[in-house]
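Below is coords-v9.cif, holding mmCIF, C-alpha atoms.
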```cif
data_target
loop_
_atom_site.label_atom_id
_atom_site.label_comp_id
_atom_site.auth_asym_id
_atom_site.auth_seq_id
_atom_site.Cartn_x
_atom_site.Cartn_y
_atom_site.Cartn_z
CA MET A 1 40.93 69.26 106.70
CA ASN A 2 37.46 70.46 105.73
CA ALA A 3 35.53 69.63 102.57
CA THR A 4 36.48 72.84 100.79
CA GLU A 5 40.17 72.16 101.30
CA LEU A 6 39.75 68.53 100.30
CA ASN A 7 37.90 69.53 97.16
CA ALA A 8 40.45 72.21 96.37
CA LYS A 9 43.17 69.60 96.81
CA CYS A 10 41.39 67.17 94.49
CA ALA A 11 41.10 69.94 91.93
CA SER A 12 44.57 71.39 92.24
CA ALA A 13 45.73 69.05 89.49
CA GLU A 14 43.12 70.62 87.22
CA PRO A 15 44.50 73.09 84.69
CA ALA A 16 41.48 75.37 85.21
CA ALA A 17 42.48 76.53 88.73
CA ASN A 18 42.83 80.14 87.51
CA VAL A 19 39.35 80.03 86.07
CA TYR A 20 37.87 78.80 89.34
CA ALA A 21 39.58 81.63 91.21
CA GLY A 22 38.48 84.26 88.66
CA VAL A 23 34.85 83.14 88.63
CA PHE A 24 34.74 82.85 92.42
CA HIS A 25 36.08 86.37 92.93
CA ALA A 26 33.82 87.94 90.31
CA LEU A 27 30.73 86.34 91.86
CA THR A 28 31.70 87.13 95.44
CA ILE A 29 32.51 90.78 94.78
CA GLY A 30 29.24 91.24 92.85
CA MET A 31 27.27 89.52 95.58
CA VAL A 32 28.78 91.63 98.37
CA ILE A 33 28.22 94.91 96.51
CA SER A 34 24.61 94.17 95.57
CA THR A 35 23.62 92.71 98.95
CA THR A 36 25.13 95.69 100.77
CA LEU A 37 23.20 98.12 98.56
CA PHE A 38 19.97 96.16 99.09
CA ALA A 39 20.49 96.12 102.85
CA ILE A 40 21.10 99.89 102.96
CA GLY A 41 18.08 100.48 100.73
CA VAL A 42 15.73 98.33 102.80
CA LEU A 43 16.90 99.85 106.09
CA LEU A 44 16.55 103.40 104.74
CA ALA A 45 13.09 102.60 103.42
CA LEU A 46 12.02 101.28 106.79
CA PHE A 47 13.59 103.89 109.04
CA ARG A 48 13.33 107.07 107.00
CA THR A 49 9.75 108.11 106.48
CA HIS A 50 10.71 110.96 104.16
CA GLY A 51 11.01 109.71 100.61
CA ALA A 52 10.34 106.13 101.61
CA PRO A 53 7.80 104.04 99.74
CA ARG A 54 4.75 103.67 101.92
CA THR A 55 3.13 101.15 99.66
CA ILE A 56 4.77 98.91 97.11
CA ASP A 57 2.03 99.37 94.51
CA VAL A 58 2.57 103.11 94.05
CA LEU A 59 6.32 103.01 93.53
CA ARG A 60 7.42 105.63 91.10
CA PRO A 61 9.72 104.50 88.34
CA ASN A 62 12.66 106.88 88.53
CA PRO A 63 14.27 107.69 85.18
CA PRO A 64 17.74 106.16 84.61
CA GLY A 65 19.33 109.61 84.39
CA GLU A 66 18.32 110.28 87.98
CA LEU A 67 19.74 107.00 89.27
CA PHE A 68 22.99 108.40 90.68
CA ALA A 69 21.36 111.63 91.82
CA GLY A 70 18.90 109.46 93.77
CA VAL A 71 21.66 107.32 95.22
CA PHE A 72 23.55 110.36 96.48
CA ALA A 73 20.32 111.76 97.94
CA LEU A 74 20.00 108.44 99.83
CA ASP A 75 16.73 107.61 98.09
CA PRO A 76 16.03 103.99 99.11
CA ILE A 77 14.52 103.03 95.76
CA ALA A 78 17.47 104.43 93.82
CA ILE A 79 19.88 102.52 96.07
CA MET A 80 17.98 99.25 95.58
CA ARG A 81 17.89 99.99 91.88
CA LEU A 82 21.67 100.36 91.83
CA GLY A 83 21.86 97.06 93.75
CA THR A 84 19.75 95.43 91.05
CA VAL A 85 22.05 96.77 88.33
CA ALA A 86 25.12 95.46 90.21
CA MET A 87 23.43 92.08 90.61
CA ILE A 88 22.46 91.83 86.93
CA LEU A 89 26.03 92.66 85.90
CA THR A 90 27.60 90.04 88.18
CA PRO A 91 26.99 86.92 86.01
CA VAL A 92 28.21 88.88 82.99
CA ALA A 93 31.32 89.87 84.92
CA ARG A 94 32.02 86.25 85.76
CA VAL A 95 31.77 85.30 82.06
CA VAL A 96 34.30 88.05 81.29
CA ALA A 97 36.53 86.90 84.17
CA SER A 98 36.52 83.35 82.84
CA ILE A 99 37.46 84.51 79.32
CA VAL A 100 40.47 86.30 80.81
CA ALA A 101 41.42 83.28 82.96
CA PHE A 102 41.13 80.83 80.05
CA ALA A 103 43.33 83.20 78.00
CA VAL A 104 45.93 83.27 80.78
CA ASP A 105 45.83 79.45 80.77
CA ARG A 106 46.21 79.52 76.96
CA ASP A 107 43.10 77.36 76.68
CA TYR A 108 41.98 78.98 73.43
CA ARG A 109 39.15 76.55 72.75
CA PHE A 110 37.46 77.74 75.91
CA VAL A 111 38.31 81.37 75.22
CA ALA A 112 36.31 80.91 72.01
CA ILE A 113 33.45 79.04 73.71
CA THR A 114 33.11 81.59 76.51
CA SER A 115 33.42 84.55 74.13
CA PHE A 116 30.57 83.07 72.13
CA VAL A 117 28.43 83.00 75.30
CA LEU A 118 29.25 86.66 75.95
CA ALA A 119 28.35 87.52 72.36
CA ALA A 120 25.00 85.72 72.69
CA ILE A 121 24.25 87.67 75.90
CA VAL A 122 25.09 91.01 74.28
CA CYS A 123 23.12 90.07 71.16
CA THR A 124 19.98 89.24 73.17
CA VAL A 125 20.16 92.44 75.19
CA VAL A 126 20.71 94.57 72.06
CA LEU A 127 17.78 92.91 70.27
CA GLY A 128 15.68 93.44 73.39
CA ALA A 129 16.65 97.11 73.57
CA MET A 130 15.65 97.52 69.92
CA GLY A 131 12.24 96.09 70.81
CA ILE A 132 12.63 93.05 68.58
CA LEU A 133 12.16 90.55 71.38
CA ARG A 134 9.11 90.15 73.55
CA MET B 135 0.38 96.59 100.35
CA ILE B 136 2.22 98.55 103.03
CA TYR B 137 6.01 98.57 103.17
CA SER B 138 6.47 97.81 106.84
CA PHE B 139 8.72 95.72 109.07
CA SER B 140 6.36 92.76 108.94
CA THR B 141 6.04 92.82 105.13
CA VAL B 142 9.77 93.05 104.70
CA ALA B 143 10.33 90.27 107.25
CA LEU B 144 7.82 87.98 105.52
CA LEU B 145 9.30 88.61 102.07
CA PHE B 146 12.75 87.96 103.51
CA LEU B 147 11.72 84.70 105.22
CA GLY B 148 9.87 83.33 102.20
CA ALA B 149 12.83 84.20 99.98
CA THR B 150 15.24 82.52 102.40
CA VAL B 151 13.32 79.24 102.14
CA ALA B 152 13.20 79.54 98.34
CA GLY B 153 16.91 80.27 98.21
CA PHE B 154 17.70 77.30 100.42
CA PHE B 155 15.84 74.76 98.27
CA GLY B 156 17.06 76.43 95.11
CA SER B 157 20.65 75.87 96.21
CA LEU B 158 19.99 72.32 97.32
CA LEU B 159 18.61 71.42 93.89
CA GLY B 160 20.53 73.74 91.56
CA ILE B 161 17.42 75.60 90.45
CA GLY B 162 16.30 79.23 90.57
CA GLY B 163 13.45 78.92 93.02
CA GLY B 164 11.02 81.07 91.01
CA LEU B 165 8.69 78.14 91.59
CA PHE B 166 8.40 79.32 95.24
CA ILE B 167 8.86 83.07 94.84
CA VAL B 168 6.09 83.71 92.30
CA PRO B 169 3.30 82.04 94.36
CA MET B 170 4.57 83.77 97.50
CA ILE B 171 4.24 87.23 95.93
CA VAL B 172 0.96 86.54 94.13
CA LEU B 173 -0.86 84.60 96.88
CA GLY B 174 0.80 86.08 99.94
CA PHE B 175 0.96 89.72 98.94
CA HIS B 176 -1.75 89.93 96.25
CA LEU B 177 0.51 91.65 93.74
CA PRO B 178 0.05 91.23 89.97
CA MET B 179 1.63 88.28 88.16
CA LYS B 180 3.84 90.54 86.03
CA VAL B 181 5.42 92.14 89.10
CA ALA B 182 5.93 88.71 90.68
CA VAL B 183 7.62 87.22 87.62
CA ALA B 184 9.98 90.18 87.26
CA ALA B 185 10.96 90.11 90.95
CA SER B 186 11.39 86.36 90.83
CA ILE B 187 13.65 86.35 87.79
CA VAL B 188 15.87 89.01 89.40
CA SER B 189 16.06 86.94 92.59
CA VAL B 190 17.29 83.97 90.54
CA ILE B 191 20.46 85.99 89.86
CA ALA B 192 20.89 86.52 93.62
CA THR B 193 20.67 82.79 94.34
CA SER B 194 22.98 81.98 91.45
CA ASN B 195 25.62 84.50 92.59
CA ALA B 196 25.49 83.28 96.18
CA GLY B 197 25.08 79.54 95.59
CA GLY B 198 27.23 79.48 92.46
CA SER B 199 30.18 81.18 94.14
CA ARG B 200 30.14 78.69 97.03
CA TYR B 201 29.94 75.66 94.74
CA VAL B 202 32.77 77.08 92.62
CA GLU B 203 34.86 77.61 95.75
CA GLN B 204 34.18 74.01 96.83
CA HIS B 205 35.04 72.84 93.30
CA ILE B 206 31.71 71.03 93.02
CA THR B 207 30.81 73.07 89.94
CA ASN B 208 32.40 71.86 86.71
CA LEU B 209 33.27 75.16 85.03
CA LYS B 210 34.14 73.68 81.64
CA VAL B 211 30.83 71.84 81.47
CA ALA B 212 29.08 75.05 82.56
CA MET B 213 30.72 77.12 79.81
CA PHE B 214 30.14 74.45 77.17
CA LEU B 215 26.43 74.09 77.97
CA GLU B 216 25.96 77.85 78.35
CA VAL B 217 26.60 78.18 74.62
CA PHE B 218 23.38 76.24 74.07
CA THR B 219 21.28 77.77 76.88
CA THR B 220 22.07 81.35 75.88
CA LEU B 221 21.28 80.55 72.24
CA GLY B 222 18.11 78.78 73.38
CA ALA B 223 17.05 81.77 75.46
CA LEU B 224 17.51 84.03 72.45
CA VAL B 225 15.52 81.70 70.20
CA GLY B 226 12.88 81.31 72.94
CA SER B 227 12.37 85.06 73.25
CA VAL B 228 11.90 85.33 69.50
CA MET B 229 9.59 82.28 69.36
CA ALA B 230 7.44 83.78 72.10
CA LEU B 231 6.36 86.35 69.50
CA TYR B 232 5.07 83.75 67.07
CA MET B 233 3.96 80.72 69.03
CA GLN B 234 0.98 79.98 71.19
CA GLU B 235 2.01 79.89 74.83
CA TRP B 236 -0.35 77.03 75.69
CA ALA B 237 1.24 74.74 73.11
CA MET B 238 4.71 75.47 74.43
CA LEU B 239 3.54 74.86 77.99
CA LEU B 240 2.17 71.44 77.04
CA LEU B 241 5.35 70.57 75.15
CA PHE B 242 7.59 71.49 78.07
CA SER B 243 5.37 69.78 80.62
CA ALA B 244 5.74 66.56 78.59
CA LEU B 245 9.52 67.02 78.66
CA LEU B 246 9.42 67.66 82.43
CA LEU B 247 7.28 64.57 83.09
CA ASN B 248 9.79 62.50 81.12
CA MET B 249 12.58 63.98 83.29
CA ALA B 250 10.64 63.25 86.47
CA TYR B 251 10.13 59.67 85.36
CA SER B 252 13.80 59.13 84.59
CA ALA B 253 14.90 60.83 87.83
CA PHE B 254 12.58 58.48 89.69
CA VAL B 255 13.74 55.25 88.04
CA THR B 256 17.41 56.21 88.40
CA ARG B 257 17.04 57.49 91.98
CA LYS B 258 19.30 54.80 93.47
CA LEU B 259 21.83 54.88 90.65
CA ASP B 260 23.94 57.85 91.84
CA ASP B 261 24.80 56.47 95.26
CA ARG B 262 25.60 53.05 93.73
CA ARG B 263 27.83 54.57 91.03
CA ILE B 264 29.64 56.66 93.63
CA ALA B 265 30.26 53.53 95.72
CA THR B 266 31.55 51.48 92.77
CA GLY B 267 33.46 54.29 91.02
CA GLU B 268 31.43 53.76 87.84
CA PHE B 269 31.23 57.50 87.14
CA ALA B 270 34.92 57.38 86.19
CA THR B 271 34.80 54.37 83.89
CA ALA B 272 32.05 55.43 81.47
CA PRO B 273 33.15 55.82 77.83
CA GLN B 274 33.88 59.42 76.86
CA ASP B 275 32.53 60.81 73.59
CA ARG B 276 34.62 62.77 71.06
CA VAL B 277 33.54 66.29 72.04
CA SER B 278 33.97 65.50 75.71
CA ARG B 279 37.47 64.18 75.13
CA ALA B 280 38.49 67.12 72.94
CA LEU B 281 37.30 69.65 75.54
CA GLY B 282 38.57 67.70 78.53
CA LEU B 283 35.18 67.43 80.17
CA ARG B 284 35.84 65.45 83.31
CA GLY B 285 36.28 66.19 86.95
CA THR B 286 36.47 65.27 90.56
CA TYR B 287 34.73 66.29 93.76
CA PHE B 288 34.67 65.15 97.36
CA ASP B 289 31.28 63.73 98.35
CA GLN B 290 30.70 64.39 102.05
CA ALA B 291 27.67 62.09 102.37
CA ALA B 292 29.57 59.14 100.87
CA ASN B 293 32.84 60.36 102.43
CA ARG B 294 34.86 59.68 99.31
CA ARG B 295 36.42 61.34 96.32
CA VAL B 296 34.32 60.91 93.16
CA ASP B 297 35.91 61.03 89.71
CA TYR B 298 33.72 61.27 86.65
CA VAL B 299 34.00 61.61 82.90
CA VAL B 300 31.36 63.39 80.86
CA ASN B 301 29.61 61.79 77.91
CA GLY B 302 26.36 62.33 76.00
CA THR B 303 27.38 65.84 74.99
CA GLY B 304 24.94 65.70 72.05
CA VAL B 305 21.77 65.03 74.04
CA GLY B 306 23.07 67.27 76.82
CA SER B 307 23.49 70.22 74.45
CA LEU B 308 20.06 69.65 72.95
CA ILE B 309 18.30 69.65 76.32
CA SER B 310 20.35 72.65 77.47
CA PHE B 311 19.17 74.45 74.36
CA LEU B 312 15.56 73.52 75.22
CA ALA B 313 16.15 74.67 78.82
CA GLY B 314 17.21 78.03 77.37
CA VAL B 315 14.11 78.14 75.16
CA ALA B 316 11.94 77.37 78.23
CA SER B 317 13.44 80.21 80.26
CA GLY B 318 13.40 82.62 77.31
CA MET B 319 9.77 81.85 76.42
CA LEU B 320 8.14 80.92 79.68
CA GLY B 321 10.57 82.32 82.24
CA VAL B 322 10.65 79.04 84.16
CA GLY B 323 12.08 75.54 84.13
CA GLY B 324 15.62 76.21 82.99
CA GLY B 325 17.40 74.93 86.11
CA VAL B 326 15.24 71.84 86.49
CA LEU B 327 15.90 70.77 82.89
CA LYS B 328 19.65 71.43 83.17
CA VAL B 329 20.11 69.42 86.35
CA SER B 330 18.05 66.53 85.01
CA ALA B 331 19.82 66.49 81.64
CA MET B 332 23.33 66.55 83.10
CA ASN B 333 22.55 63.80 85.57
CA ARG B 334 20.46 61.62 83.27
CA TYR B 335 22.31 61.85 79.96
CA MET B 336 25.82 63.16 80.60
CA ASN B 337 27.12 60.85 83.34
CA ILE B 338 27.46 63.81 85.70
CA PRO B 339 26.94 63.06 89.42
CA MET B 340 23.83 64.70 90.89
CA LYS B 341 25.79 67.10 93.12
CA VAL B 342 28.02 68.29 90.29
CA ALA B 343 24.87 68.80 88.17
CA VAL B 344 23.37 70.87 91.01
CA GLY B 345 26.51 73.01 91.42
CA THR B 346 26.97 73.50 87.68
CA SER B 347 23.32 74.39 87.03
CA LYS B 348 23.33 76.81 89.98
CA LEU B 349 26.10 78.79 88.28
CA MET B 350 24.58 78.59 84.79
CA ILE B 351 21.09 79.89 85.63
CA GLY B 352 22.55 83.27 86.61
CA VAL B 353 23.49 84.12 83.04
CA THR B 354 20.05 83.39 81.55
CA ALA B 355 18.36 85.19 84.45
CA ALA B 356 20.63 88.22 83.98
CA VAL B 357 19.62 88.46 80.32
CA SER B 358 15.88 88.14 81.11
CA SER B 359 16.23 90.64 83.97
CA THR B 360 17.87 93.17 81.67
CA LEU B 361 14.86 92.91 79.34
CA PHE B 362 12.47 93.36 82.32
CA TYR B 363 14.60 96.25 83.59
CA MET B 364 14.46 98.06 80.26
CA ALA B 365 10.70 97.49 80.16
CA GLY B 366 10.42 99.12 83.61
CA ALA B 367 8.77 96.02 85.11
CA ILE B 368 11.02 95.61 88.16
CA GLN B 369 9.78 96.83 91.55
CA PHE B 370 13.05 97.58 93.32
CA ALA B 371 11.52 97.86 96.79
CA LEU B 372 10.20 94.32 96.38
CA VAL B 373 13.50 93.02 94.97
CA GLY B 374 15.53 94.33 97.96
CA PRO B 375 14.27 92.06 100.76
CA ILE B 376 13.79 89.11 98.37
CA ALA B 377 17.35 89.29 97.04
CA ILE B 378 18.80 89.49 100.56
CA GLY B 379 16.67 86.50 101.60
CA THR B 380 17.52 84.31 98.61
CA THR B 381 21.21 85.18 99.01
CA MET B 382 21.23 84.02 102.64
CA GLY B 383 19.05 80.98 101.94
CA ALA B 384 21.20 79.96 98.98
CA THR B 385 24.36 80.24 101.06
CA GLY B 386 22.74 78.04 103.72
CA GLY B 387 21.72 75.50 101.10
CA THR B 388 25.29 75.17 99.85
CA MET B 389 26.42 74.24 103.36
CA VAL B 390 23.92 71.38 103.51
CA MET B 391 23.83 70.03 99.96
CA ASN B 392 27.05 68.03 99.98
CA ARG B 393 26.12 66.32 103.27
CA VAL B 394 22.85 65.01 101.85
CA LYS B 395 22.71 61.71 99.98
CA SER B 396 22.09 62.01 96.25
CA ILE B 397 18.97 59.85 96.51
CA VAL B 398 17.35 62.45 98.80
CA LEU B 399 18.19 65.27 96.39
CA LYS B 400 16.74 63.29 93.48
CA ARG B 401 13.53 62.52 95.38
CA VAL B 402 12.94 66.18 96.23
CA LEU B 403 13.74 67.14 92.64
CA THR B 404 11.26 64.57 91.29
CA VAL B 405 8.43 65.97 93.42
CA LEU B 406 9.28 69.49 92.29
CA VAL B 407 9.44 68.57 88.61
CA ILE B 408 6.05 66.87 88.78
CA TYR B 409 4.57 69.94 90.46
CA MET B 410 6.12 72.20 87.82
CA ALA B 411 4.75 70.02 84.99
CA TYR B 412 1.31 70.08 86.63
CA SER B 413 1.26 73.86 86.95
CA MET B 414 2.30 74.20 83.29
CA ILE B 415 -0.51 71.86 82.19
CA ALA B 416 -3.00 73.74 84.37
CA LYS B 417 -1.92 77.05 82.88
CA ALA B 418 -2.13 75.65 79.32
CA LEU B 419 -5.65 74.30 79.91
CA GLN B 420 -6.71 77.66 81.26
CA LEU B 421 -5.22 79.60 78.34
CA ARG B 422 -6.59 77.32 75.64
CA PHE B 423 -9.84 75.90 76.98
CA GLY B 424 -10.67 78.13 79.94
CA ILE B 425 -10.57 75.14 82.27
CA VAL B 426 -9.42 76.32 85.69
CA LEU B 427 -7.39 73.90 87.80
CA PRO B 428 -5.91 75.15 91.07
CA HIS B 429 -2.43 76.46 90.25
CA VAL B 430 -0.15 79.45 90.52
CA GLY B 431 2.60 80.41 88.14
#
```
Translate the structure described by the file into structure tokens.
Amino acid sequence: MNATELNAKCASAEPAANVYAGVFHALTIGMVISTTLFAIGVLLALFRTHGAPRTIDVLRPNPPGELFAGVFALDPIAIMRLGTVAMILTPVARVVASIVAFAVDRDYRFVAITSFVLAAIVCTVVLGAMGILR
Amino acid sequence: MIYSFSTVALLFLGATVAGFFGSLLGIGGGLFIVPMIVLGFHLPMKVAVAASIVSVIATSNAGGSRYVEQHITNLKVAMFLEVFTTLGALVGSVMALYMQEWAMLLLFSALLLNMAYSAFVTRKLDDRRIATGEFATAPQDRVSRALGLRGTYFDQAANRRVDYVVNGTGVGSLISFLAGVASGMLGVGGGVLKVSAMNRYMNIPMKVAVGTSKLMIGVTAAVSSTLFYMAGAIQFALVGPIAIGTTMGATGGTMVMNRVKSIVLKRVLTVLVIYMAYSMIAKALQLRFGIVLPHVG
């Protein structure tokens, strides 16, 4: 029996098993999506001279509206940008996944605690978007 | 700087090393990434900080998922403390508008030196407590009991199951809040403070502190990254190879961490905390008095 199985066995008595599974899956899916996009982006940038960034310093910022257009045109920067978005969303997705799992477990104290965390995240981003934060 | 095979390979390798140590210690690894970009590739500080904070998410996703799978992470402790770190990060971002950065740097370096000192004097304590089972017999405080903050993991270095109960939720929340303020204001130090606080004040074994912090830093980094993203400060071509590297390095670190004795982890952490405190002091002296000590970050 390896350590993962041993640990899982130790923890199987824990009521939060659903939460562990939810968080693990959210993180793993996010990680696979973003790493795949980064890998495609880096390879395209290296192998395709057309549209590839020759120097890092002169990278053009592409407007958000053109993100998906760029991705479909196989623009390496747009693909890495989409990877960045997927990566940023992953920790948020795991907070959401844990709220759901705590609710399934009827652990309402932790539904409240985790929802508060999500609210604080949203609040910070909204304040930032309004230009109130640094 | 030319985007070539060798540049990409170097960024990837440097990031892999950063990701590895970040996973071993439960921290983001910005401490390694920022100097690598600034010194190694001569890119501006702002670009380096933005790329580094994004790469912290990569290490947290990769390392955090593995520690969750191994049940080393204590998810309830993570969620409870995240309330305070996310609030702290919000307060820190607002305070950054009104406070002098050099004063905050000095304040946090004092806090870090205190953490380094306590990690050093308690360096042998973890392995002894694991051997005697003392982690399980500590008195639990009221909040900890109400929320059921306790847990169990299998320590591979000690080859035994370790049960623990959490206490000191008051001091733990306070330092988690300050860790949030540090990452919101200064963009560094969150992971180091979280690991130290959980281990020093909350009766949480070093490895559980590492696994729990590794998961938690992703949320704060995601919020900071969103702000950088909206400000257009992220260089995606730079982030690509770094994120792949930190992801692989972090995964490697999670395979090693549980086999290492806690005393080794605490020693490495102590060195790192002292270095971080030093670079904060150096930066503060430069900002306030124009005194230049060798430092990066």
Reference answer for the PyMOL selection byres ((chain B) within 8 of (chain A)), as a compact mmCIF listing (two decimals) with C-alpha atoms, in the coordinates of the input:
```txt
# COMPACT_ATOMS: atom_id res chain seq x y z
CA MET B 135 0.38 96.59 100.35
CA ILE B 136 2.22 98.55 103.03
CA TYR B 137 6.01 98.57 103.17
CA SER B 138 6.47 97.81 106.84
CA PHE B 139 8.72 95.72 109.07
CA LEU B 177 0.51 91.65 93.74
CA VAL B 188 15.87 89.01 89.40
CA ILE B 191 20.46 85.99 89.86
CA ALA B 192 20.89 86.52 93.62
CA ASN B 195 25.62 84.50 92.59
CA ALA B 196 25.49 83.28 96.18
CA GLY B 198 27.23 79.48 92.46
CA SER B 199 30.18 81.18 94.14
CA ARG B 200 30.14 78.69 97.03
CA VAL B 202 32.77 77.08 92.62
CA GLU B 203 34.86 77.61 95.75
CA GLN B 204 34.18 74.01 96.83
CA HIS B 205 35.04 72.84 93.30
CA ILE B 206 31.71 71.03 93.02
CA LEU B 209 33.27 75.16 85.03
CA LYS B 210 34.14 73.68 81.64
CA MET B 213 30.72 77.12 79.81
CA PHE B 214 30.14 74.45 77.17
CA GLU B 216 25.96 77.85 78.35
CA VAL B 217 26.60 78.18 74.62
CA THR B 220 22.07 81.35 75.88
CA LEU B 221 21.28 80.55 72.24
CA LEU B 224 17.51 84.03 72.45
CA SER B 227 12.37 85.06 73.25
CA VAL B 228 11.90 85.33 69.50
CA ALA B 230 7.44 83.78 72.10
CA LEU B 231 6.36 86.35 69.50
CA LEU B 281 37.30 69.65 75.54
CA GLY B 285 36.28 66.19 86.95
CA THR B 286 36.47 65.27 90.56
CA TYR B 287 34.73 66.29 93.76
CA PHE B 288 34.67 65.15 97.36
CA GLN B 290 30.70 64.39 102.05
CA ARG B 295 36.42 61.34 96.32
CA GLY B 352 22.55 83.27 86.61
CA VAL B 353 23.49 84.12 83.04
CA ALA B 356 20.63 88.22 83.98
CA VAL B 357 19.62 88.46 80.32
CA SER B 359 16.23 90.64 83.97
CA THR B 360 17.87 93.17 81.67
CA LEU B 361 14.86 92.91 79.34
CA MET B 364 14.46 98.06 80.26
CA GLY B 366 10.42 99.12 83.61
CA GLN B 369 9.78 96.83 91.55
CA PHE B 370 13.05 97.58 93.32
CA ALA B 371 11.52 97.86 96.79
CA LEU B 372 10.20 94.32 96.38
CA VAL B 373 13.50 93.02 94.97
CA GLY B 374 15.53 94.33 97.96
CA PRO B 375 14.27 92.06 100.76
CA ALA B 377 17.35 89.29 97.04
CA ILE B 378 18.80 89.49 100.56
CA THR B 381 21.21 85.18 99.01
```
Next on the checklist: Rounded to one decimal, what separation in Å do you get between CA of Pro339 in chain B and CA of Tyr298 in chain B?
Outcome noted: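 About the pair CA of Pro339 in chain B and CA of Tyr298 in chain B: they are 7.5 Å apart.
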Next on the checklist: Using Å and a single decimal, report how far CA of Leu144 in chain B sits from CA of Thr193 in chain B.
Outcome noted: 17.8 Å
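Remark: for Ala355 in chain B, the closest of the candidate residues B:Asn337, B:Ala223, B:Ala343, B:Ser396 is B:Ala223 (distances computed over all atoms listed in the file).
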Shell of 10 Å around range 402-414 of chain B, all atoms listed in the file, local chain residues under 4 positions omitted, as an mmCIF file with C-alpha atoms, keeping the file's coordinate frame:
```
data_model
loop_
_atom_site.group_PDB
_atom_site.id
_atom_site.type_symbol
_atom_site.label_atom_id
_atom_site.label_comp_id
_atom_site.auth_asym_id
_atom_site.auth_seq_id
_atom_site.Cartn_x
_atom_site.Cartn_y
_atom_site.Cartn_z
ATOM 1 C CA PHE B 155 15.840 74.760 98.270
ATOM 2 C CA LEU B 158 19.990 72.320 97.320
ATOM 3 C CA LEU B 159 18.610 71.420 93.890
ATOM 4 C CA GLY B 160 20.530 73.740 91.560
ATOM 5 C CA ILE B 161 17.420 75.600 90.450
ATOM 6 C CA LEU B 165 8.690 78.140 91.590
ATOM 7 C CA TRP B 236 -0.350 77.030 75.690
ATOM 8 C CA MET B 238 4.710 75.470 74.430
ATOM 9 C CA LEU B 239 3.540 74.860 77.990
ATOM 10 C CA LEU B 240 2.170 71.440 77.040
ATOM 11 C CA LEU B 241 5.350 70.570 75.150
ATOM 12 C CA PHE B 242 7.590 71.490 78.070
ATOM 13 C CA SER B 243 5.370 69.780 80.620
ATOM 14 C CA ALA B 244 5.740 66.560 78.590
ATOM 15 C CA LEU B 245 9.520 67.020 78.660
ATOM 16 C CA LEU B 246 9.420 67.660 82.430
ATOM 17 C CA LEU B 247 7.280 64.570 83.090
ATOM 18 C CA ASN B 248 9.790 62.500 81.120
ATOM 19 C CA MET B 249 12.580 63.980 83.290
ATOM 20 C CA ALA B 250 10.640 63.250 86.470
ATOM 21 C CA TYR B 251 10.130 59.670 85.360
ATOM 22 C CA SER B 252 13.800 59.130 84.590
ATOM 23 C CA ALA B 253 14.900 60.830 87.830
ATOM 24 C CA PHE B 254 12.580 58.480 89.690
ATOM 25 C CA ARG B 257 17.040 57.490 91.980
ATOM 26 C CA LEU B 320 8.140 80.920 79.680
ATOM 27 C CA VAL B 322 10.650 79.040 84.160
ATOM 28 C CA GLY B 323 12.080 75.540 84.130
ATOM 29 C CA VAL B 326 15.240 71.840 86.490
ATOM 30 C CA LEU B 327 15.900 70.770 82.890
ATOM 31 C CA VAL B 329 20.110 69.420 86.350
ATOM 32 C CA SER B 330 18.050 66.530 85.010
ATOM 33 C CA ILE B 397 18.970 59.850 96.510
ATOM 34 C CA VAL B 398 17.350 62.450 98.800
ATOM 35 C CA ALA B 418 -2.130 75.650 79.320
ATOM 36 C CA LEU B 419 -5.650 74.300 79.910
ATOM 37 C CA GLN B 420 -6.710 77.660 81.260
ATOM 38 C CA LEU B 427 -7.390 73.900 87.800
ATOM 39 C CA PRO B 428 -5.910 75.150 91.070
ATOM 40 C CA HIS B 429 -2.430 76.460 90.250
ATOM 41 C CA VAL B 430 -0.150 79.450 90.520
ATOM 42 C CA GLY B 431 2.600 80.410 88.140
#
```
Next on the checklist: For a test of reading the model, state the distance in Å between CA of Ala384 in chain B and CA of Gly197 in chain B, rounded to one decimal.
Outcome noted: 5.2 Å
Next on the checklist: Could you list, as a list in words, every residue matched by the PyMOL selection byres ((chain B and resi 302) around 7) in this structure?
Outcome noted: Asp275, Asn301, Thr303, Gly304, Val305, Gly306, Tyr335 and Met336 of chain B
Hey, can I get the axis-aligned box for range 72-84 of chain A? All listed atoms, 5 Å padding on each side, centre and edge lengths in Å to one decimal, as AutoDock Vina command-line options.
```
--center_x 19.0 --center_y 103.6 --center_z 95.4 --size_x 19.0 --size_y 26.3 --size_z 18.8
```
Item to check | Nearest candidate to Pro178 in chain B (options B:Ala272, B:Val390, B:Ala316, B:Ile368; using all atoms listed in the file) | outcome: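 Once distances to Pro178 in chain B are computed over all atoms listed in the file, the minimum belongs to B:Ile368.
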